[in-house]
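Enquirer: Pasting run-v3.cif below, which is mmCIF, C-alpha atoms and all ligand atoms.
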data_run
#
loop_
_atom_site.label_atom_id
_atom_site.label_comp_id
_atom_site.auth_asym_id
_atom_site.auth_seq_id
_atom_site.Cartn_x
_atom_site.Cartn_y
_atom_site.Cartn_z
CA MET A 1 -12.76 -11.14 -50.44
CA LYS A 2 -10.11 -13.80 -50.21
CA ASN A 3 -9.22 -15.48 -46.98
CA PRO A 4 -7.82 -12.55 -45.04
CA GLU A 5 -5.51 -14.87 -43.11
CA SER A 6 -3.73 -16.00 -46.24
CA GLY A 7 -0.04 -15.39 -46.44
CA GLU A 8 -0.42 -13.39 -49.59
CA ASN A 9 -2.76 -10.85 -48.11
CA GLU A 10 -0.85 -10.54 -44.89
CA GLY A 11 2.33 -10.29 -46.87
CA LEU A 12 1.12 -7.02 -48.26
CA LEU A 13 0.72 -5.67 -44.77
CA VAL A 14 3.80 -7.07 -43.15
CA ARG A 15 6.70 -8.62 -44.97
CA ARG A 16 7.99 -11.99 -43.92
CA ILE A 17 11.13 -11.80 -41.89
CA LYS A 18 14.26 -13.87 -42.22
CA ASN A 19 15.35 -13.85 -38.59
CA GLY A 20 13.66 -12.48 -35.52
CA THR A 21 10.40 -12.64 -33.61
CA VAL A 22 6.80 -12.46 -34.76
CA ILE A 23 4.32 -11.61 -32.03
CA ASP A 24 0.97 -12.74 -33.31
CA HIS A 25 -2.61 -12.67 -32.03
CA ILE A 26 -2.10 -9.48 -30.09
CA ALA A 27 -5.41 -8.03 -28.91
CA PRO A 28 -6.54 -5.51 -31.56
CA GLY A 29 -5.19 -2.03 -30.96
CA GLU A 30 -2.54 -3.17 -28.48
CA ALA A 31 0.42 -3.49 -30.88
CA LEU A 32 1.84 -0.10 -29.96
CA ASN A 33 1.56 -0.94 -26.29
CA VAL A 34 3.35 -4.21 -26.91
CA VAL A 35 6.18 -2.27 -28.53
CA LYS A 36 6.18 0.15 -25.63
CA ILE A 37 6.23 -2.58 -23.00
CA LEU A 38 9.21 -4.15 -24.74
CA GLY A 39 11.06 -0.90 -24.41
CA ILE A 40 11.45 -0.47 -28.16
CA THR A 41 11.72 3.19 -29.01
CA GLY A 42 12.80 5.17 -32.04
CA THR A 43 16.33 5.11 -30.70
CA THR A 44 16.75 1.34 -30.57
CA GLN A 45 18.18 -0.63 -33.48
CA GLU A 46 15.49 -3.18 -34.38
CA ALA A 47 13.74 -3.17 -37.74
CA LEU A 48 10.12 -3.23 -36.75
CA SER A 49 6.86 -3.83 -38.58
CA ILE A 50 3.49 -3.39 -37.02
CA ALA A 51 0.10 -4.36 -38.38
CA THR A 52 -3.01 -3.40 -36.50
CA ASN A 53 -6.60 -4.59 -36.86
CA VAL A 54 -5.74 -7.41 -39.22
CA GLN A 55 -8.68 -9.72 -39.97
CA SER A 56 -8.22 -12.99 -38.14
CA GLY A 57 -10.35 -16.11 -38.33
CA ASN A 58 -10.79 -16.93 -34.67
CA MET A 59 -10.65 -13.60 -32.91
CA GLY A 60 -12.10 -11.13 -35.34
CA ARG A 61 -9.23 -8.73 -35.51
CA LYS A 62 -5.72 -8.88 -34.21
CA ASP A 63 -2.47 -6.97 -34.22
CA ILE A 64 0.90 -8.33 -35.28
CA VAL A 65 4.40 -7.11 -34.44
CA LYS A 66 7.49 -8.33 -36.27
CA LEU A 67 10.95 -7.69 -34.97
CA THR A 68 13.86 -8.30 -37.27
CA ASN A 69 17.06 -9.82 -35.92
CA ARG A 70 15.93 -9.96 -32.35
CA GLU A 71 14.76 -12.99 -30.41
CA LEU A 72 12.76 -12.03 -27.35
CA SER A 73 13.74 -13.45 -24.00
CA LYS A 74 11.23 -15.25 -21.81
CA GLU A 75 11.01 -12.29 -19.44
CA GLU A 76 10.27 -9.93 -22.31
CA VAL A 77 7.67 -12.28 -23.70
CA ASN A 78 5.91 -12.47 -20.37
CA ARG A 79 5.55 -8.73 -20.10
CA ILE A 80 3.32 -8.94 -23.15
CA ALA A 81 0.94 -11.15 -21.21
CA LEU A 82 0.02 -8.19 -19.05
CA ILE A 83 -1.71 -6.46 -21.92
CA SER A 84 -2.43 -9.30 -24.31
CA PRO A 85 -2.63 -12.72 -22.65
CA ASN A 86 -3.58 -14.48 -25.90
CA ALA A 87 -0.56 -13.38 -27.88
CA THR A 88 1.71 -16.01 -29.39
CA ILE A 89 5.40 -15.70 -29.98
CA ASN A 90 7.11 -17.17 -33.02
CA ILE A 91 10.87 -17.25 -33.17
CA VAL A 92 11.95 -17.17 -36.81
CA ARG A 93 15.29 -18.32 -38.16
CA ASN A 94 15.96 -18.38 -41.87
CA PHE A 95 12.24 -17.76 -42.70
CA LYS A 96 11.17 -20.77 -40.59
CA VAL A 97 9.34 -20.70 -37.31
CA VAL A 98 11.69 -22.65 -35.06
CA GLU A 99 9.84 -22.04 -31.82
CA LYS A 100 6.25 -21.12 -31.04
CA LYS A 101 5.13 -20.25 -27.54
CA GLY A 102 2.29 -18.65 -25.66
CA VAL A 103 2.82 -15.92 -23.13
CA GLU A 104 2.73 -16.55 -19.42
CA ILE A 105 1.67 -13.96 -16.90
CA PRO A 106 4.70 -13.15 -14.73
CA ARG A 107 4.50 -13.26 -10.94
CA LEU A 108 6.47 -10.08 -10.44
CA ILE A 109 7.09 -7.14 -12.75
CA GLU A 110 9.84 -4.68 -12.15
CA GLY A 111 10.45 -1.28 -13.67
CA ILE A 112 7.74 -1.52 -16.34
CA VAL A 113 4.76 0.06 -14.63
CA ARG A 114 4.65 3.28 -12.65
CA CYS A 115 2.75 3.27 -9.38
CA PRO A 116 -0.29 5.59 -9.68
CA ASN A 117 -0.03 6.58 -6.01
CA PRO A 118 1.71 9.98 -5.91
CA GLY A 119 2.67 9.34 -2.27
CA CYS A 120 4.50 6.10 -3.11
CA ILE A 121 8.22 5.95 -2.36
CA SER A 122 8.76 4.35 -5.79
CA ASN A 123 7.79 7.69 -7.39
CA THR A 124 10.72 9.53 -5.84
CA SER A 125 14.37 9.76 -6.80
CA GLU A 126 15.31 6.70 -4.75
CA PRO A 127 17.57 4.20 -6.56
CA ILE A 128 14.88 1.55 -6.99
CA ARG A 129 12.70 0.21 -9.77
CA SER A 130 8.95 -0.01 -9.34
CA ARG A 131 7.87 -3.49 -8.33
CA PHE A 132 4.44 -5.05 -8.68
CA GLU A 133 3.16 -8.43 -7.72
CA VAL A 134 0.64 -9.84 -10.22
CA LEU A 135 -2.51 -10.89 -8.36
CA PRO A 136 -5.92 -11.98 -9.65
CA LYS A 137 -7.38 -8.59 -8.62
CA GLY A 138 -4.66 -6.61 -10.38
CA LEU A 139 -1.11 -5.37 -9.97
CA HIS A 140 -0.13 -4.86 -6.35
CA CYS A 141 2.62 -2.30 -5.61
CA CYS A 142 5.18 -4.00 -3.37
CA TYR A 143 6.04 -0.67 -1.78
CA CYS A 144 2.78 1.09 -1.00
CA ASP A 145 0.17 -1.70 -1.46
CA TRP A 146 -1.72 0.24 -4.15
CA VAL A 147 -3.55 -2.07 -6.56
CA ILE A 148 -3.91 -1.22 -10.25
CA THR A 149 -7.09 -2.93 -11.36
CA ARG A 150 -7.63 -1.45 -14.83
CA ASP A 151 -6.19 0.63 -17.62
CA LEU A 152 -2.80 -0.93 -17.10
CA THR A 153 -1.27 0.42 -20.29
CA SER A 154 -1.65 4.02 -19.17
CA HIS A 155 0.71 3.20 -16.28
CA ILE A 156 3.46 1.75 -18.41
CA ILE A 157 6.65 3.76 -18.03
CA MET B 1 19.67 -5.68 25.40
CA ASN B 2 22.49 -3.96 27.30
CA GLY B 3 24.37 -1.60 25.05
CA ARG B 4 22.22 -2.26 21.98
CA ILE B 5 21.68 0.81 19.86
CA LEU B 6 18.44 1.88 18.24
CA ALA B 7 18.42 4.62 15.58
CA THR B 8 15.20 6.59 15.35
CA LEU B 9 14.80 8.27 11.97
CA PHE B 10 11.77 10.51 11.99
CA PHE B 11 11.33 12.34 8.70
CA GLU B 12 8.02 13.59 9.98
CA PRO B 13 7.52 14.85 13.51
CA SER B 14 5.88 12.45 15.92
CA THR B 15 7.17 13.15 19.39
CA ARG B 16 4.96 10.55 21.04
CA THR B 17 5.88 7.58 18.89
CA ARG B 18 9.53 8.50 19.03
CA MET B 19 9.54 8.94 22.83
CA SER B 20 7.71 5.68 23.19
CA PHE B 21 10.37 3.78 21.22
CA GLU B 22 13.15 5.61 23.06
CA SER B 23 11.64 4.76 26.40
CA ALA B 24 11.20 1.12 25.36
CA ILE B 25 14.83 0.66 24.34
CA ALA B 26 16.02 2.49 27.49
CA ARG B 27 13.96 0.15 29.69
CA LEU B 28 15.65 -2.75 27.92
CA GLY B 29 19.08 -1.32 28.76
CA GLY B 30 19.85 -0.05 25.28
CA THR B 31 20.41 3.44 23.94
CA THR B 32 19.08 5.61 21.15
CA LEU B 33 20.74 7.47 18.34
CA SER B 34 18.42 10.10 17.12
CA VAL B 35 18.62 12.86 14.63
CA GLY B 36 17.83 16.22 16.16
CA SER B 37 15.45 17.38 13.49
CA VAL B 38 15.04 16.52 9.88
CA ASP B 39 16.27 19.82 8.49
CA ALA B 40 19.32 19.79 10.75
CA CYS B 41 20.82 16.81 8.98
CA SER B 42 21.85 15.55 5.60
CA MET B 43 18.45 14.03 4.90
CA ALA B 44 17.05 17.42 4.05
CA LYS B 45 19.91 18.10 1.65
CA GLY B 46 18.71 15.77 -1.04
CA GLU B 47 20.40 12.57 0.06
CA THR B 48 18.32 9.57 -0.89
CA LEU B 49 16.65 7.57 1.84
CA ALA B 50 18.55 4.54 0.51
CA ASP B 51 21.89 6.24 1.25
CA THR B 52 20.81 7.46 4.67
CA ILE B 53 19.76 3.94 5.57
CA ARG B 54 22.97 2.35 4.27
CA VAL B 55 24.96 4.72 6.48
CA VAL B 56 22.78 4.59 9.59
CA SER B 57 22.51 0.81 9.54
CA GLY B 58 26.25 0.81 10.11
CA TYR B 59 25.77 2.82 13.30
CA ALA B 60 22.90 0.98 14.98
CA ASP B 61 21.51 -2.47 15.74
CA ALA B 62 18.01 -1.59 14.56
CA ILE B 63 16.27 1.34 12.89
CA VAL B 64 12.86 2.83 13.60
CA ILE B 65 11.57 4.94 10.74
CA ARG B 66 8.71 7.38 10.27
CA HIS B 67 8.44 8.82 6.77
CA PRO B 68 5.85 10.78 4.77
CA LYS B 69 5.99 8.45 1.74
CA GLU B 70 4.13 5.16 1.54
CA GLY B 71 6.46 2.20 1.27
CA ALA B 72 9.44 4.08 2.78
CA ALA B 73 9.92 1.50 5.53
CA ARG B 74 9.92 -1.31 2.97
CA LEU B 75 12.53 0.50 0.91
CA ALA B 76 14.58 1.09 4.07
CA ALA B 77 14.46 -2.60 4.88
CA GLU B 78 15.86 -3.39 1.42
CA PHE B 79 18.89 -1.16 1.96
CA SER B 80 19.47 -1.80 5.64
CA SER B 81 21.80 -4.39 7.10
CA VAL B 82 19.89 -4.28 10.41
CA PRO B 83 16.16 -4.76 11.20
CA VAL B 84 13.83 -1.86 10.34
CA ILE B 85 10.64 -1.09 12.24
CA ASN B 86 7.95 0.93 10.48
CA ALA B 87 6.70 3.72 12.75
CA GLY B 88 4.34 5.08 10.10
CA ASP B 89 4.70 5.55 6.33
CA GLY B 90 2.53 8.26 4.79
CA ALA B 91 -1.08 7.15 4.61
CA GLY B 92 0.15 3.56 4.68
CA GLN B 93 0.67 1.55 7.83
CA HIS B 94 1.48 2.07 11.48
CA PRO B 95 2.03 -1.47 12.73
CA SER B 96 3.46 -0.83 16.21
CA GLN B 97 0.40 1.29 16.96
CA THR B 98 -1.79 -1.58 15.77
CA LEU B 99 -0.09 -4.07 18.05
CA LEU B 100 -0.63 -1.85 21.05
CA ASP B 101 -4.25 -1.26 20.00
CA LEU B 102 -4.85 -5.01 19.80
CA TYR B 103 -3.13 -5.51 23.15
CA THR B 104 -5.34 -2.87 24.77
CA ILE B 105 -8.51 -4.46 23.41
CA ARG B 106 -7.29 -7.88 24.51
CA GLN B 107 -6.76 -6.61 28.07
CA SER B 108 -10.50 -5.93 28.29
CA MET B 109 -12.03 -8.69 26.22
CA PRO B 110 -11.21 -11.49 23.79
CA ILE B 111 -10.88 -9.98 20.30
CA GLU B 112 -12.79 -12.81 18.62
CA GLY B 113 -16.47 -12.14 18.13
CA THR B 114 -16.43 -8.45 18.98
CA ASP B 115 -18.05 -5.48 17.26
CA ILE B 116 -15.52 -2.72 16.72
CA ALA B 117 -16.31 0.79 15.51
CA LEU B 118 -13.78 2.95 13.67
CA ILE B 119 -14.73 6.61 13.81
CA GLY B 120 -13.21 9.66 12.15
CA ASP B 121 -10.93 10.07 9.14
CA LEU B 122 -10.84 6.55 7.76
CA ARG B 123 -9.48 7.61 4.39
CA TYR B 124 -6.13 9.07 5.40
CA GLY B 125 -5.87 7.67 8.90
CA ARG B 126 -3.13 5.05 8.78
CA THR B 127 -3.81 3.85 12.32
CA ALA B 128 -7.33 2.97 11.22
CA HIS B 129 -6.05 1.20 8.08
CA SER B 130 -3.51 -0.84 9.99
CA LEU B 131 -5.96 -1.77 12.72
CA ALA B 132 -8.70 -2.75 10.26
CA SER B 133 -6.29 -5.01 8.34
CA ALA B 134 -5.13 -6.68 11.54
CA LEU B 135 -8.69 -7.17 12.76
CA SER B 136 -9.56 -8.95 9.53
CA LEU B 137 -7.47 -11.84 10.91
CA TYR B 138 -10.08 -12.25 13.64
CA ASN B 139 -13.77 -12.87 13.53
CA VAL B 140 -14.72 -9.24 14.11
CA ARG B 141 -17.58 -7.15 12.76
CA LEU B 142 -16.37 -3.71 11.76
CA HIS B 143 -18.58 -0.63 12.10
CA THR B 144 -17.51 2.56 10.38
CA LEU B 145 -18.53 6.17 10.81
CA SER B 146 -16.74 8.88 8.86
CA PRO B 147 -17.48 12.25 7.25
CA ALA B 148 -18.40 12.20 3.55
CA GLY B 149 -15.24 11.89 1.48
CA LEU B 150 -13.23 10.43 4.35
CA GLU B 151 -14.61 6.88 4.17
CA LEU B 152 -12.43 3.78 4.27
CA PRO B 153 -10.69 3.47 0.86
CA GLU B 154 -12.65 1.13 -1.39
CA THR B 155 -9.65 -1.07 -2.15
CA LEU B 156 -9.06 -1.65 1.55
CA ALA B 157 -12.75 -2.29 2.20
CA ALA B 158 -12.78 -4.84 -0.63
CA GLU B 159 -9.74 -6.57 0.82
CA LEU B 160 -11.31 -6.74 4.27
CA ARG B 161 -14.54 -8.18 2.88
CA GLN B 162 -12.56 -10.71 0.90
CA ALA B 163 -10.89 -11.75 4.14
CA GLY B 164 -14.38 -12.49 5.45
CA MET B 165 -14.97 -9.34 7.46
CA GLU B 166 -18.44 -7.85 7.74
CA ILE B 167 -18.39 -4.05 7.45
CA VAL B 168 -21.38 -1.98 8.52
CA SER B 169 -21.30 1.74 7.81
CA HIS B 170 -23.30 4.16 9.92
CA ASP B 171 -24.44 7.76 9.56
CA THR B 172 -24.61 8.80 13.17
CA ILE B 173 -22.91 7.83 16.37
CA GLU B 174 -26.28 7.19 18.04
CA ASP B 175 -26.89 4.61 15.35
CA LEU B 176 -23.98 2.40 16.39
CA ILE B 177 -23.34 3.15 20.06
CA GLY B 178 -25.55 0.37 21.43
CA ASP B 179 -24.11 -2.31 19.14
CA VAL B 180 -20.37 -2.15 19.68
CA ASP B 181 -17.74 -3.28 22.19
CA VAL B 182 -14.95 -0.93 21.13
CA LEU B 183 -15.08 2.67 19.92
CA TYR B 184 -11.85 3.48 18.12
CA VAL B 185 -11.86 7.23 17.62
CA THR B 186 -9.40 9.00 15.32
CA ARG B 187 -8.76 12.62 14.63
CA VAL B 188 -10.39 14.41 11.73
CA GLN B 189 -7.96 17.02 10.54
CA ARG B 190 -9.10 20.52 9.88
CA GLU B 191 -7.10 20.63 6.64
CA ARG B 192 -9.43 18.03 5.13
CA PHE B 193 -12.27 20.54 5.06
CA PRO B 194 -12.83 23.56 2.84
CA ASP B 195 -13.64 25.90 5.74
CA SER B 196 -13.76 25.88 9.51
CA ALA B 197 -17.56 25.95 9.60
CA SER B 198 -17.88 22.60 7.84
CA TYR B 199 -15.06 21.21 9.96
CA PHE B 200 -16.82 22.36 13.11
CA ASN B 201 -20.08 20.78 11.94
CA VAL B 202 -18.45 17.44 11.41
CA SER B 203 -16.25 17.44 14.48
CA SER B 204 -19.12 18.31 16.79
CA SER B 205 -21.35 15.60 15.36
CA TYR B 206 -18.63 12.97 15.98
CA ARG B 207 -17.78 14.06 19.48
CA ILE B 208 -17.83 11.37 22.16
CA THR B 209 -19.58 12.68 25.28
CA PRO B 210 -20.82 11.12 28.53
CA GLU B 211 -24.36 11.58 27.13
CA ILE B 212 -23.50 9.52 24.03
CA LEU B 213 -21.87 6.86 26.21
CA SER B 214 -24.99 6.52 28.35
CA GLY B 215 -26.39 4.41 25.51
CA ALA B 216 -23.31 2.16 25.35
CA ARG B 217 -22.77 -1.44 26.43
CA GLU B 218 -21.41 -1.64 29.95
CA HIS B 219 -18.07 -3.11 28.95
CA LEU B 220 -17.52 -0.78 25.96
CA ILE B 221 -14.05 0.73 25.77
CA VAL B 222 -13.09 4.00 24.09
CA LEU B 223 -9.69 4.08 22.37
CA HIS B 224 -7.87 6.91 20.58
CA PRO B 225 -4.32 6.90 19.18
CA LEU B 226 -3.82 10.42 20.63
CA PRO B 227 -3.26 13.30 20.52
CA ARG B 228 -6.95 14.15 20.56
CA VAL B 229 -8.28 17.57 19.76
CA ASP B 230 -11.95 17.64 20.54
CA GLU B 231 -13.14 14.25 19.37
CA ILE B 232 -13.53 13.12 22.96
CA ASP B 233 -15.06 15.33 25.62
CA PRO B 234 -12.63 15.61 28.58
CA ARG B 235 -15.51 14.59 30.86
CA VAL B 236 -15.23 11.11 29.33
CA ASP B 237 -11.78 10.73 30.92
CA GLU B 238 -13.41 9.94 34.26
CA SER B 239 -15.69 7.27 32.80
CA PRO B 240 -14.88 3.56 33.17
CA HIS B 241 -15.13 3.33 29.36
CA ALA B 242 -12.08 5.54 28.77
CA ARG B 243 -8.97 3.50 27.94
CA TYR B 244 -6.96 5.86 25.73
CA PHE B 245 -4.33 6.81 28.31
CA GLU B 246 -3.84 3.18 29.21
CA GLN B 247 -3.61 2.45 25.50
CA SER B 248 -0.83 5.00 25.13
CA ARG B 249 1.05 3.54 28.13
CA ASN B 250 0.76 0.12 26.54
CA GLY B 251 3.01 1.43 23.79
CA ILE B 252 5.99 0.80 26.05
CA PRO B 253 5.66 -2.92 26.80
CA VAL B 254 4.48 -3.61 23.26
CA ARG B 255 7.44 -1.77 21.71
CA MET B 256 9.79 -3.44 24.19
CA ALA B 257 8.49 -6.78 22.96
CA MET B 258 8.97 -5.75 19.33
CA LEU B 259 12.52 -4.59 19.99
CA MET B 260 13.38 -7.79 21.83
CA GLU B 261 12.01 -9.75 18.91
CA VAL B 262 14.14 -7.95 16.31
CA LEU B 263 17.28 -7.57 18.43
CA LYS B 264 17.54 -11.05 19.87
ZN ZN A 301 3.25 2.21 -4.91
#
Would you encode the structure as structure tokens?
Expert:
Amino acid sequence: MKNPESGENEGLLVRRIKNGTVIDHIAPGEALNVVKILGITGTTQEALSIATNVQSGNMGRKDIVKLTNRELSKEEVNRIALISPNATINIVRNFKVVEKKGVEIPRLIEGIVRCPNPGCISNTSEPIRSRFEVLPKGLHCCYCDWVITRDLTSHII
Amino acid sequence: MNGRILATLFFEPSTRTRMSFESAIARLGGTTLSVGSVDACSMAKGETLADTIRVVSGYADAIVIRHPKEGAARLAAEFSSVPVINAGDGAGQHPSQTLLDLYTIRQSMPIEGTDIALIGDLRYGRTAHSLASALSLYNVRLHTLSPAGLELPETLAAELRQAGMEIVSHDTIEDLIGDVDVLYVTRVQRERFPDSASYFNVSSSYRITPEILSGAREHLIVLHPLPRVDEIDPRVDESPHARYFEQSRNGIPVRMAMLMEVLK
């Protein structure tokens, strides 16, 4: 088999994009969660390509997400860190990568994760967004003090 | 504090805590605005807590809130233009109770270096959660005794240990009685058990009696957030160990101090 990382091979899976964002080195199997955490649904306008379990030299397998005509903001990029801290973000303009950055774990996340505590005030019809503080032990609910320590993606709204 | 107005919003009945706050503000020369009962007002008609708070904070200088949802007091504080005091939020916290608990212990002994036992429903009992968290600020060894399934939540226990607290769990009251300075007894609710027989089994094995206390340290004090059902034998009331009525009276000066702090 040829080098699986080569542009040619990858090109078959995911076309190059002219303008937009390429999220590379996503932990294998997490691409759909990355899309979900970015709030991209069937009803939004982006042209989207997703490749999962692509062979990658240094991490075995990886997922890739390409978003056409959309440059992710820093806050959006940092959400990705919650589920895939090794992901890299490439901003593409006119087929060239003009900016390459890693993701940074945010200190506070709002409105992305639902508190698993059924008794939490954030799970009622109050006009608030869920709010979690990112701590080494997990995500700490700023309202009820619940801590999500694992299986974060199942709590994404 | 003359003429200052305290609003007491109790979305869950708690006559004692409410009376205690009302008495405290009255002794400071202020007055209380209170809602008759939850279903007699707009709160039961689907208004959000956020709206209620925005309105009530225009009527009062401070708000005391008791609510069945965890985090309700924090939400209230976000929407209020005046200080909010948490008087209990679901299974969460009950900080004014904790302050009066600490004060009562401190009246009898220095808190540092003591052995304190929490007995009863440690899973849902917010007074126990709040007290345990506060005690983790001191050098205190915590002893726990609770029915199966009603143990201290693991996340809380982990937090306490991380704060440097030693936690010793026990299976019987006889096992811990000689080793502790404070017995903090909480109610085990009948609803937590599948039938009254298993409830009776548990409640009788946790009951504090003069016989149990005969094995206690001389200076041991027995506390209870009240109301008690049958966790403490009424014969204990006469013993020098009993401090629960004093503890409940301490609610007044402690809540007066809290109100002065937020209203000054
Ligand atoms: Zn919560």
Enquirer: Which chain B residues have any atom within 12 Å of an atom of ligand ZN 301 (chain A), and for each, what is the nearest pair of atoms with distance in Å to one decimal, counting all atoms listed in the file, rows sorted by chain and number, as a Markdown table?
Expert:
| residue | atom | partner | partner_atom | distance |
| --- | --- | --- | --- | --- |
| B:Lys69 | CA | A:ZN301 | ZN | 9.5 |
| B:Glu70 | CA | A:ZN301 | ZN | 7.1 |
| B:Gly71 | CA | A:ZN301 | ZN | 7.0 |
| B:Ala72 | CA | A:ZN301 | ZN | 10.0 |
| B:Arg74 | CA | A:ZN301 | ZN | 10.9 |
| B:Leu75 | CA | A:ZN301 | ZN | 11.1 |
| B:Asp89 | CA | A:ZN301 | ZN | 11.8 |
| B:Gly90 | CA | A:ZN301 | ZN | 11.5 |
| B:Ala91 | CA | A:ZN301 | ZN | 11.6 |
| B:Gly92 | CA | A:ZN301 | ZN | 10.2 |
Enquirer: Can you tell me which residues surround Ser34 in chain B at a distance of at most 9 Å, considering only C-alpha atoms, apart from same-chain residues fewer than 5 positions away, and format the answer as number ranges by chain?
Expert: B: 6-10
Enquirer: Please list, as a ChimeraX atom specification, the residues that have an atom at most 12 Å away from (-24.5, 8.6, 16.7) in the coordinates of this file, counting all atoms listed in the file.
Expert: /B:117,119,143-146,169-180,183,202,204-209,211-216
Enquirer: Please find the residues of chain B near chain A - the criterion being any atom within 12 Å, counting all atoms listed in the file - and write them as number ranges by chain.
Expert: B: 46-53, 67-79, 88-93, 124, 129, 153-156, 158-159, 162
Enquirer: Could you write out as JSON the box around range 108-124 of chain B (axis-aligned, all atoms listed in the file, 6 Å on each side), with centre and edge lengths in Å to one decimal?
Expert:
{"center_x": -12.1, "center_y": -1.4, "center_z": 16.3, "size_x": 23.9, "size_y": 34.9, "size_z": 35.9}
Enquirer: Could you give me, as a list in words, the residues that have an atom at most 12 Å away from the point (-0.7, 2.7, -26.5) in the coordinates of the file, using all atoms listed in the file?
Expert: Ala27, Pro28, Gly29, Glu30, Ala31, Leu32, Asn33, Val34, Val35, Lys36, Ile37, Thr52, Ile83, Asp151, Leu152, Thr153, Ser154, His155, Ile156 and Ile157 of chain A
Enquirer: Can you pull out every residue within 12 Å of Val98 in chain A, counting all atoms listed in the file, but drop anything in the same chain fewer than 2 positions away, and send it as a PyMOL selection string?
Expert: chain A and resi 18-22+71+89-96+100-101
Enquirer: I'd like the interatomic distance between CA of Arg129 in chain A and CA of Leu82 in chain A, to a tenth of an Å.
Expert: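 Distance reported for this atom pair: 17.8 Å.
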Enquirer: Please report the interatomic distance between CA of Ala47 in chain A and CA of Arg114 in chain A in Å with one decimal.
Expert: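 Between CA of Ala47 in chain A and CA of Arg114 in chain A the gap is 27.5 Å.
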Enquirer: Any idea what the distance is between CA of Glu133 in chain A and CA of Thr127 in chain B?
Expert: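 Going from CA of Glu133 in chain A over to CA of Thr127 in chain B covers 24.5 Å.
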Enquirer: Give me, as a list of chain:residue names, all polymer residues having an atom no more than 12 Å from Ala163 in chain B, counting all atoms listed in the file and skipping those fewer than 6 positions away in the same chain.
Expert: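 In the requested form, the answer reads B:Ala132, B:Ser133, B:Ala134, B:Leu135, B:Ser136, B:Leu137, B:Tyr138, B:Asn139, B:Val140, B:Arg141, B:Leu156, B:Ala157.
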Enquirer: Smallest atom-to-atom distance to Gly138 in chain A: which of A:Val77, A:Ile105, A:Ile64, A:Val54, using only C-alpha atoms?
Expert: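 For Gly138 in chain A, the nearest of the candidates is A:Ile105.
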Enquirer: Name the closest residue to Leu38 in chain A among the candidates A:Ile17, A:Leu108, A:Val113, A:Val97; distances are taken between atoms, counting only C-alpha atoms.
Expert: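 The answer is A:Val113, which sits nearest to Leu38 in chain A.
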